[in-house]
Amino acid sequence: MEWLSQRCPLPPAAQSCSRPGRTTLLLVVTLSLLMYPVLRSLALQLHSAITGSYISGTHSVAFINCLNEQIAKDIARAIMDKKLAACVNILPKSSALYFWKGELEESTEILLLVKTRTSKIGELSNYVRSIHPFEIPEIISLPIDQGNPLYLKWIEESVPRD
């Protein structure tokens, strides 16, 4: 009991020192809550490796608009050369209506559909912005929830990890 009085010099009625077990428990609970996303991700990856199942959102489809077919082909080839995608589809002309600097604009565009790892979307977006002629190019992505397991595996094998 002498060690307690040295640790907590207040009179017994006013002492509020916690036991070491409470602090440890609080620390473990806090770390568990902070680590939950990492632990969940690791558990999903382990489950996927064991069962061969797909983890939703591992891959994404990005949409990139281009002014014309030549620009679309150049950007698609540049994306493929940097191995930022497994596949880029170049869709034919479509009409677009949009507001630009307060005015309603109408144009034709070519759309790229880019299949890649979700982890590559940031790098893909930065790279396309650096080579795209538009001031603000459309670069948006949607995660792939499900799909043909063999196709998703092919994307996995075609696009190097970070």
# chains A, B, ... in the order shown; residues from 1 in each chain; ligands from 1
$ residues_around --residues "A:Val61" --least-positions-apart "6" --cutoff "7 Å" --atoms "only C-alpha atoms" --output "list of chain:residue names"
A:Leu113, A:Val114, A:Lys115, A:Thr116, A:Ser141, A:Leu142, A:Pro143, A:Ile144
$ residues_around --residues "A:Ser95" --least-positions-apart "5" --cutoff "7 Å" --atoms "only C-alpha atoms" --output "list in words"
Ser107, Thr108 and Glu109 of chain A
$ atom_distance --atom1 "atom CA of A:Lys82" --atom2 "atom CA of A:Leu112"
16.0 Å
$ closest_residue --among "A:Ile55, A:Leu124, A:Leu67, A:Leu33" --to "A:Asp145" --atoms "only C-alpha atoms"
A:Ile55
$ closest_residue --among "A:Ile75, A:Leu150, A:Cys66, A:Leu42" --to "A:Pro137" --atoms "only C-alpha atoms"
A:Cys66
$ residues_around --residues "A:Glu156" --least-positions-apart "6" --cutoff "9 Å" --atoms "only C-alpha atoms" --output "count of residues only"
5
$ select_by_dssp --residues "stretch 44-103 of chain A" --states "strand (DSSP E or B)" --output "list in words"
His59, Ser60, Val61, Ala62, Phe63, Ile64, Asn65, Cys66, Cys87, Val88, Asn89, Ile90, Leu91, Pro92, Lys93, Ser94, Ser95, Ala96, Leu97, Tyr98, Phe99, Trp100 and Glu103 of chain A
$ select_by_dssp --residues "chain A" --states "helix (DSSP H, G or I)" --output "ChimeraX atom specification"
/A:2-7,20-51,69-81,118-131,149-158
$ closest_residue --among "A:Met35, A:Ile50, A:Leu111, A:Val29" --to "A:Glu69" --atoms "only C-alpha atoms"
A:Leu111
